[in-house]
Each structure stands twice: as C-alpha cells, then as structure tokens.
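Colleague: Next comes upload-v9.txt, compact mmCIF, C-alpha atoms:
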# COMPACT_ATOMS: atom_id res chain seq x y z
CA ILE A 1 -45.48 -7.88 33.48
CA SER A 2 -49.11 -6.89 32.96
CA HIS A 3 -49.01 -3.28 34.18
CA ALA A 4 -46.77 -0.26 33.71
CA VAL A 5 -43.51 -0.40 35.70
CA THR A 6 -41.62 2.88 35.97
CA THR A 7 -38.45 3.69 37.90
CA SER A 8 -36.15 6.70 37.97
CA ASN A 9 -32.90 5.37 36.51
CA ALA A 10 -32.89 2.32 38.82
CA ALA A 11 -32.04 -1.17 37.58
CA ILE A 12 -34.81 -3.52 36.54
CA ASN A 13 -33.81 -7.15 37.17
CA LEU A 14 -36.13 -9.92 35.97
CA THR A 15 -35.26 -13.56 36.64
CA ALA A 16 -37.62 -16.31 35.47
CA ASP A 17 -37.71 -19.33 33.17
CA THR A 18 -40.69 -17.87 31.30
CA MET A 19 -41.78 -14.26 31.00
CA SER A 20 -44.89 -12.55 29.66
CA PHE A 21 -45.01 -8.87 28.77
CA THR A 22 -48.39 -7.25 28.24
CA GLY A 23 -47.64 -4.09 30.20
CA SER A 24 -44.63 -1.79 29.89
CA MET A 25 -41.37 -0.99 31.64
CA SER A 26 -39.44 2.28 31.71
CA ASN A 27 -36.43 3.20 33.82
CA GLY A 28 -34.70 6.17 32.22
CA SER A 29 -30.98 5.42 31.99
CA GLY A 30 -31.07 2.43 34.32
CA PRO A 31 -29.98 -1.03 33.17
CA ILE A 32 -32.40 -3.83 32.35
CA ASN A 33 -31.27 -7.39 33.13
CA LEU A 34 -33.19 -10.42 31.88
CA THR A 35 -32.13 -13.98 32.71
CA THR A 36 -33.34 -17.42 33.77
CA VAL A 37 -33.85 -18.96 37.18
CA THR A 38 -32.48 -22.29 35.95
CA PRO A 39 -28.89 -21.61 34.82
CA SER A 40 -28.95 -24.34 32.16
CA ARG A 41 -32.17 -23.19 30.51
CA GLY A 42 -31.69 -21.64 27.08
CA ILE A 43 -32.79 -18.18 26.00
CA SER A 44 -34.30 -17.48 22.58
CA ILE A 45 -34.57 -13.98 21.12
CA GLY A 46 -36.50 -12.79 18.08
CA ALA A 47 -39.65 -14.86 17.79
CA GLY A 48 -39.05 -16.14 21.31
CA THR A 49 -40.93 -19.36 20.59
CA THR A 50 -38.20 -22.01 20.87
CA ALA A 51 -39.38 -24.80 23.18
CA ASN A 52 -37.91 -25.08 26.67
CA THR A 53 -36.29 -21.63 26.59
CA LEU A 54 -36.91 -18.23 28.06
CA GLY A 55 -38.48 -16.64 24.99
CA LEU A 56 -37.94 -12.94 24.37
CA SER A 57 -39.72 -11.73 21.27
CA VAL A 58 -39.14 -8.39 19.57
CA ALA A 59 -42.66 -7.48 20.67
CA ALA A 60 -41.69 -8.19 24.29
CA LEU A 61 -38.53 -6.11 24.01
CA ASN A 62 -40.60 -3.28 22.57
CA THR A 63 -42.55 -3.03 25.83
CA MET A 64 -39.33 -1.74 27.44
CA THR A 65 -37.88 1.78 27.37
CA SER A 66 -34.37 2.51 28.62
CA SER A 67 -31.16 4.20 27.54
CA GLY A 68 -29.22 1.98 29.93
CA THR A 69 -27.54 -1.32 29.16
CA LEU A 70 -29.73 -4.29 28.26
CA THR A 71 -28.22 -7.58 29.45
CA ILE A 72 -29.73 -10.90 28.39
CA GLY A 73 -28.31 -13.82 30.37
CA ASP A 74 -25.74 -13.33 33.12
CA THR A 75 -22.33 -14.52 34.30
CA ALA A 76 -23.88 -17.67 35.83
CA HIS A 77 -26.10 -18.51 32.86
CA ALA A 78 -24.77 -21.86 31.60
CA GLY A 79 -27.49 -22.28 28.97
CA THR A 80 -27.39 -21.21 25.36
CA ILE A 81 -28.58 -17.98 23.79
CA VAL A 82 -30.01 -18.27 20.27
CA THR A 83 -31.97 -16.17 17.82
CA ASP A 84 -35.13 -17.79 16.47
CA GLY A 85 -36.17 -14.80 14.38
CA SER A 86 -34.83 -11.43 13.36
CA VAL A 87 -33.95 -9.12 16.23
CA THR A 88 -34.67 -5.87 14.42
CA GLY A 89 -37.02 -2.97 14.98
CA VAL A 90 -36.45 -2.69 18.74
CA THR A 91 -37.02 1.01 19.36
CA GLY A 92 -37.18 1.68 23.11
CA LEU A 93 -33.93 0.07 24.24
CA THR A 94 -31.37 2.59 23.04
CA GLY A 95 -28.32 1.73 25.16
CA ASN A 96 -25.65 -0.92 24.82
CA TRP A 97 -26.65 -4.59 24.55
CA VAL A 98 -24.92 -7.55 26.21
CA LEU A 99 -25.60 -11.24 25.54
CA GLN A 100 -23.87 -13.16 28.33
CA THR A 101 -23.42 -16.83 29.20
CA ALA A 102 -21.16 -18.87 31.45
CA GLY A 103 -20.02 -21.40 28.87
CA GLY A 104 -23.20 -21.71 26.83
CA ASN A 105 -23.01 -21.22 23.07
CA ILE A 106 -24.33 -17.99 21.53
CA THR A 107 -25.79 -18.66 18.08
CA LEU A 108 -27.08 -15.79 15.95
CA ASN A 109 -28.50 -17.25 12.75
CA ASN A 110 -30.88 -14.32 12.22
CA ALA A 111 -30.31 -10.63 11.67
CA VAL A 112 -29.54 -8.66 14.84
CA THR A 113 -29.64 -4.85 14.87
CA THR A 114 -28.61 -2.98 18.00
CA PRO A 115 -28.86 0.75 18.73
CA ALA A 116 -25.38 1.05 20.23
CA ASN A 117 -22.49 -1.23 21.27
CA LEU A 118 -22.90 -5.03 21.34
CA THR A 119 -21.03 -7.49 23.58
CA LEU A 120 -21.24 -11.25 23.01
CA SER A 121 -19.59 -13.23 25.80
CA THR A 122 -19.54 -16.90 26.82
CA THR A 123 -16.85 -16.45 29.46
CA GLY A 124 -18.93 -15.35 32.43
CA GLY A 125 -17.72 -16.65 35.77
CA GLY A 126 -14.39 -17.60 34.22
CA ALA A 127 -15.93 -20.16 31.84
CA THR A 128 -13.59 -21.51 29.17
CA THR A 129 -16.22 -23.10 26.92
CA GLY A 130 -18.92 -21.77 24.65
CA SER A 131 -18.67 -20.56 21.07
CA VAL A 132 -20.03 -17.42 19.45
CA ASN A 133 -21.26 -18.17 15.96
CA GLY A 134 -23.97 -17.47 13.44
CA THR A 135 -24.92 -16.63 9.89
CA GLY A 136 -27.21 -13.70 10.68
CA ALA A 137 -26.20 -10.18 9.70
CA LEU A 138 -25.10 -8.06 12.66
CA THR A 139 -25.66 -4.31 12.49
CA VAL A 140 -24.05 -2.72 15.53
CA GLY A 141 -25.35 0.83 15.84
CA THR A 142 -26.60 2.99 12.99
CA ALA A 143 -24.99 1.65 9.79
CA GLY A 144 -22.57 -0.29 11.99
CA ALA A 145 -21.03 2.79 13.60
CA ASN A 146 -20.62 1.22 17.04
CA SER A 147 -18.40 -1.32 18.80
CA LEU A 148 -18.57 -5.12 18.77
CA ILE A 149 -16.84 -7.04 21.56
CA VAL A 150 -16.72 -10.85 21.38
CA ASN A 151 -15.29 -13.03 24.17
CA ALA A 152 -15.54 -16.78 23.57
CA GLY A 153 -14.04 -19.95 24.99
CA ALA A 154 -14.57 -22.35 22.09
CA GLY A 155 -14.30 -20.32 18.91
CA VAL A 156 -15.82 -17.39 17.03
CA ASN A 157 -17.47 -17.78 13.62
CA LEU A 158 -19.59 -14.80 12.58
CA SER A 159 -19.64 -15.39 8.85
CA ASN A 160 -22.22 -13.05 7.34
CA VAL A 161 -20.43 -10.88 4.78
CA GLY A 162 -22.92 -8.10 5.51
CA ASN A 163 -21.93 -7.68 9.16
CA LEU A 164 -21.55 -4.02 10.08
CA ALA A 165 -19.45 -2.90 13.03
CA ASN A 166 -16.83 -0.21 13.49
CA VAL A 167 -14.56 -0.93 16.48
CA ILE A 168 -14.10 -4.69 16.79
CA SER A 169 -12.45 -6.77 19.52
CA LEU A 170 -12.35 -10.58 19.18
CA THR A 171 -10.95 -12.92 21.84
CA ASN A 172 -11.02 -16.69 22.26
CA SER A 173 -9.49 -18.63 25.15
CA THR A 174 -9.47 -22.40 24.89
CA SER A 175 -10.35 -24.14 21.62
CA GLY A 176 -11.36 -23.34 18.05
CA ASN A 177 -10.67 -20.59 15.56
CA ILE A 178 -11.69 -16.95 15.16
CA SER A 179 -13.38 -16.10 11.86
CA PHE A 180 -15.17 -12.81 11.28
CA ASN A 181 -16.56 -11.01 8.24
CA ASN A 182 -17.36 -7.31 8.07
CA ASN A 183 -18.59 -4.82 5.48
CA ARG A 184 -17.40 -1.29 6.38
CA ASP A 185 -14.38 0.70 7.62
CA MET A 186 -13.24 -0.94 10.82
CA THR A 187 -10.60 -1.05 13.54
CA LEU A 188 -9.45 -4.34 15.05
CA SER A 189 -7.81 -5.92 18.05
CA GLY A 190 -7.96 -9.42 19.48
CA SER A 191 -6.32 -12.69 20.41
CA ASN A 192 -6.83 -16.40 20.03
CA LEU A 193 -5.19 -18.31 22.89
CA SER A 194 -6.32 -21.70 21.58
CA ALA A 195 -3.46 -24.01 20.61
CA GLY A 196 -3.36 -23.99 16.82
CA GLY A 197 -6.31 -21.64 16.69
CA THR A 198 -6.34 -19.30 13.71
CA PHE A 199 -7.44 -15.65 13.48
CA SER A 200 -9.14 -14.58 10.25
CA VAL A 201 -10.88 -11.27 9.53
CA VAL A 202 -12.12 -10.48 6.02
CA ASN A 203 -13.63 -7.05 5.36
CA ALA A 204 -15.71 -6.61 2.20
CA THR A 205 -15.74 -2.79 2.08
CA GLY A 206 -13.40 -0.01 3.13
CA THR A 207 -10.37 0.05 5.38
CA LEU A 208 -9.08 -2.15 8.18
CA THR A 209 -6.85 -0.62 10.85
CA VAL A 210 -5.16 -2.68 13.56
CA THR A 211 -5.37 -0.42 16.62
CA GLY A 212 -4.63 -3.02 19.31
CA PRO A 213 -2.56 -6.20 19.39
CA VAL A 214 -3.73 -9.10 17.22
CA SER A 215 -2.22 -12.45 18.18
CA THR A 216 -2.46 -16.21 18.13
CA ALA A 217 -0.84 -18.73 20.46
CA SER A 218 0.91 -21.97 19.53
CA GLY A 219 0.85 -24.49 16.72
CA ALA A 220 -0.10 -23.60 13.15
CA ALA A 221 -1.90 -20.50 14.37
CA ASP A 222 -2.19 -18.47 11.18
CA ILE A 223 -3.45 -14.88 10.96
CA LEU A 224 -5.28 -13.52 7.91
CA LEU A 225 -6.34 -9.86 7.62
CA GLN A 226 -7.99 -8.78 4.37
CA THR A 227 -9.77 -5.65 3.14
CA PRO A 228 -10.29 -3.88 -0.20
CA GLY A 229 -9.09 -0.51 1.11
CA THR A 230 -6.02 0.46 3.09
CA LEU A 231 -4.83 -2.17 5.56
CA ALA A 232 -3.04 -0.23 8.30
CA ILE A 233 -0.92 -2.13 10.82
CA ASN A 234 -0.67 0.28 13.76
CA ASP A 235 -0.08 -2.27 16.51
CA LEU A 236 1.47 -5.70 17.05
CA VAL A 237 0.43 -8.60 14.80
CA THR A 238 1.89 -11.81 16.21
CA ALA A 239 1.31 -15.34 14.94
CA GLY A 240 2.41 -17.84 17.59
CA GLY A 241 4.02 -21.21 17.06
CA THR A 242 4.50 -22.00 13.39
CA GLY A 243 1.74 -19.63 12.39
CA ASN A 244 1.98 -17.48 9.28
CA VAL A 245 0.73 -13.91 8.79
CA SER A 246 -1.13 -13.00 5.59
CA LEU A 247 -1.98 -9.35 4.93
CA VAL A 248 -4.15 -8.61 1.91
CA SER A 249 -5.44 -5.33 0.48
CA THR A 250 -7.36 -6.22 -2.67
CA GLY A 251 -7.77 -2.62 -3.85
CA GLY A 252 -5.51 -0.38 -1.82
CA GLN A 253 -2.25 -0.39 0.09
CA ILE A 254 -0.73 -1.91 3.20
CA SER A 255 0.80 0.55 5.66
CA GLN A 256 2.74 0.03 8.87
CA ASN A 257 3.76 2.47 11.59
CA SER A 258 6.47 2.09 14.23
CA SER A 259 4.11 0.25 16.59
CA GLY A 260 3.02 -2.20 13.92
CA VAL A 261 5.57 -4.95 14.48
CA ILE A 262 4.64 -8.13 12.59
CA SER A 263 5.88 -11.55 13.75
CA GLY A 264 5.28 -14.98 12.26
CA SER A 265 6.98 -17.95 10.63
CA LEU A 266 6.14 -16.52 7.21
CA LEU A 267 4.78 -13.10 6.23
CA THR A 268 2.78 -12.84 3.01
CA THR A 269 1.52 -9.49 1.73
CA SER A 270 -0.61 -8.63 -1.28
CA SER A 271 -1.76 -5.16 -2.33
CA VAL A 272 -2.49 -3.07 -5.40
CA SER A 273 -0.27 -0.15 -4.37
CA GLY A 274 2.38 0.09 -1.69
Output the structure of this file as structure tokens.

Modeller:
Amino acid sequence: ISHAVTTSNAAINLTADTMSFTGSMSNGSGPINLTTVTPSRGISIGAGTTANTLGLSVAALNTMTSSGTLTIGDTAHAGTIVTDGSVTGVTGLTGNWVLQTAGGNITLNNAVTTPANLTLSTTGGGATTGSVNGTGALTVGTAGANSLIVNAGAGVNLSNVGNLANVISLTNSTSGNISFNNNRDMTLSGSNLSAGGTFSVVNATGTLTVTGPVSTASGAADILLQTPGTLAINDLVTAGGTGNVSLVSTGGQISQNSSGVISGSLLTTSSVSG
C-alpha cells in the first residue's frame, strides 16, 4: 500500500504472503482483515521480520486507522502467529483485535497491548489443534479493563504474572492444560475438554469472580483458582473425572452464592477470613 486508501466504514481485506505499507489506510468503523494467501505461511507481528512469514510491524499497523475490528489471520489460516517484537504503541486501530488460526499455534513471547477486547483463537474452521502460549505481558484495554477470550485446541499457557485483563474466558478442546496468570480484578469462565487437562488461574492482585461455568473433563483434571483478594464462586466449578478443586484466597475470603455449586473428587480451600 503506497498511497492513501480511504473508505466510509467498509471492510478492508488484504490477502498476501508479504505486505508493504508506505501509504495509509482509513475506513472509519469498518473492519480490517489481514491474512496470507498461503494458508500454512506464518504471520509475525511486532518487528515483522521473521523469515518466511507475513511480517506486520508496529510501524505498518500504525499506517492504519479504524475503530472497527482488526483481524490478523483467518478461519482457514493453518500457519502460526507469533510476536517477534513488542506490539505496543499502536494508536490508530482502536477497536477489538482478533488473532485467528485454523490449528496453528499462537505464541506471544513479547508484550502485546490492545486498545479494546482481544480474542486469541486456534479453532477456526473447527480445528482441534493449536496452542495459545507465551511469556509476553498482555494488556487488554487501558490498564487491562477489557475482555480476553482464548479458544485453543492444544492447550493454553499465558504465564506472564503481569498480564492485565478484566473479563476472561478460557477454553481448550482436545489436548493439554489451561494455565493463565493475571494481575488485576477479574471475572472468569471457561472449560478444558481435554482428557486429564487441568485448569489453573492465578491472579496476583485483587479479586477473582467466577461469573460463568468453569470445568474440566475426565481423568485427573484438577482446577486451581487463586487470588489475594476475595474469591467469589458465583457459578458452577466442576472438576471432571478424579479431578480436585483448589480454591485459594491468600489475603481475603472465599464466598459462594446459590449458583456457585462446586464439584470434584476433593475440595481444598484456603483463605485468611471466611
């Protein structure tokens, strides 16, 4: 794109194995969709310099202006999506962001800051493979005020203790565990359908409220929920098979309302008060 491209809220769809942005794009509230021609080709975001990928640098993303949804990849994209540099300082794309594959791994080993909600999905086209993992700090919306949705086929491991998100949904379908760290008040729902797959969420700051069902499937499918503030169980928490449920509030209390039914082979609770 070497010249200015402007539309009135219409979608901009770009499909290529390499892209160059020296002009600008603007489409009001329309979506922007960026993906590869070759479904198996990877996509790199941040520096955008990883060999044999569609490289999307922060500088390239900053040639775009839209309040609509930005989608990188698509439901037929079998390749990976990785960060190869920090994805921060993107100013013109103010809507929700979606990173989407059809079975390719999503690996975020660099900081990613989004302006609004973030969806990370490897299950496009009904795919049952692909993990979502990374050590980079995720900041979803201003100070983590927005929603994070993760749909994986082969496990979730987002381990940075500085992750910031508010409303969190984590699902996994086929193999592997779910492990997520967060660092602010949060609500949670999710499921791990993998046989023996565990579900672990550790929050470093504030409260954790279960607002939708949290469940595992069969085998030793343990559930661990931990936070320093109040841990509120306001919906079903169900460990399948021989799985145990561990609820930990390191500095507050554990509460449970009438909807918060807890099921597991063994329930362990730990709190300072209540």

Colleague: Distance CA of Val90 in chain A-CA of Ser24 in chain A, one decimal place?

Modeller: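 Computing the Euclidean distance for CA of Val90 in chain A and CA of Ser24 in chain A yields 13.9 Å.
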
Colleague: In Å to one decimal, how far is CA of Leu148 in chain A from CA of Asn177 in chain A?

Modeller: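 Between CA of Asn177 in chain A and CA of Leu148 in chain A the gap is 17.7 Å.
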
Colleague: For Thr174 in chain A, which of A:Asn62, A:Asn146, A:Asn9, A:Ser191 is the closest residue, counting all atoms listed in the file?

Modeller: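 Selected residue with least distance to Thr174 in chain A: A:Ser191.
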
Colleague: Under the rule that only C-alpha atoms are counted, which of A:Asn203, A:Asn257, A:Thr119, A:Thr268 is the nearest residue to Gly229 in chain A?

Modeller: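 Nearest to Gly229 in chain A: A:Asn203.
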
Colleague: Counting only C-alpha atoms, which residue out of A:Ser66, A:Ser249, A:Thr114, A:Asn172 sits closest to Ala152 in chain A?

Modeller: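 Of A:Ser66, A:Ser249, A:Thr114, A:Asn172, the one nearest Ala152 in chain A, counting only C-alpha atoms, is A:Asn172.
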
Colleague: Compile the contact shell of Val214 in chain A as a compact mmCIF listing (two decimals) with C-alpha atoms, in the coordinates of the input: residues with an atom at most 8 Å away, counting all atoms listed in the file, same-chain residues fewer than 2 positions apart removed.

Modeller:
# COMPACT_ATOMS: atom_id res chain seq x y z
CA LEU A 188 -9.45 -4.34 15.05
CA SER A 189 -7.81 -5.92 18.05
CA GLY A 190 -7.96 -9.42 19.48
CA SER A 191 -6.32 -12.69 20.41
CA VAL A 210 -5.16 -2.68 13.56
CA GLY A 212 -4.63 -3.02 19.31
CA THR A 216 -2.46 -16.21 18.13
CA ASP A 235 -0.08 -2.27 16.51
CA LEU A 236 1.47 -5.70 17.05
CA VAL A 237 0.43 -8.60 14.80
CA THR A 238 1.89 -11.81 16.21

Colleague: Between A:Pro228, A:Gly68, A:Gly73, A:Gly92, which is the closest to Met186 in chain A once you count all atoms listed in the file?

Modeller: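 Going through A:Pro228, A:Gly68, A:Gly73, A:Gly92 one by one, the smallest distance to Met186 in chain A is for A:Pro228.
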
Colleague: With distances taken over only C-alpha atoms, which of A:Ile168, A:Ile149, A:Leu93, A:Ile45 is nearest to Asn109 in chain A?

Modeller: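 Selected residue with least distance to Asn109 in chain A: A:Ile45.
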
Colleague: For Ser131 in chain A, which of A:Asn151, A:Asn183, A:Asn105, A:Thr227 is the closest residue, counting all atoms listed in the file?

Modeller: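 With all atoms listed in the file as the atom set, the closest residue is A:Asn105.
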
Colleague: Please compute the CA of Gly252 in chain A-CA of Val161 in chain A distance, one decimal, in Å.

Modeller: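 Pair CA of Gly252 in chain A / CA of Val161 in chain A returns 19.4 Å.
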
Colleague: Could you give me, as a ChimeraX atom specification, the residues within 8 Å of Ser270 in chain A, counting all atoms listed in the file and dropping anything in the same chain fewer than 3 positions from it?

Modeller: /A:247-250

Colleague: Can you pull out every residue within 12 Å of range 157-160 of chain A, counting only C-alpha atoms, but drop anything in the same chain fewer than 2 positions away, and send it as a ChimeraX atom specification?

Modeller: /A:105-112,120,130-139,148,150-152,154-155,162-165,170-172,176-183,198-204

Colleague: Using all atoms listed in the file, find all polymer residues with an atom at most 8 Å away from the point (1.9, -23.6, 17.1); report them as a list in words.

Modeller: Ala195, Gly196, Ala217, Ser218, Gly219, Ala220, Ala221, Gly240, Gly241, Thr242 and Gly243 of chain A

Colleague: Please write as a PyMOL selection string the list of polymer residues whose atoms come within 6 Å of (-50.2, -5.5, 28.8), counting all atoms listed in the file and keeping to the coordinates of the file.

Modeller: chain A and resi 2-3+22-23

Colleague: May I have the residues within 10 Å of Thr65 in chain A as a PyMOL selection string, using only C-alpha atoms and disregarding those fewer than 4 positions away in the same chain?

Modeller: chain A and resi 6+24-30+32+61+90-95

Colleague: Can you pull out every residue within 7 Å of Ala102 in chain A, counting all atoms listed in the file, but drop anything in the same chain fewer than 6 positions away, and send it as a PyMOL selection string?

Modeller: chain A and resi 75-78+122-125+127

Colleague: Can you sort out the box for range 19-35 of chain A, edges along x, y and z, all listed atoms in, 6 Å on every side, with centre and edge lengths in Å to one decimal, as AutoDock Vina command-line options?

Modeller:
--center_x -39.2 --center_y -4.0 --center_z 31.3 --size_x 30.4 --size_y 32.4 --size_z 18.1
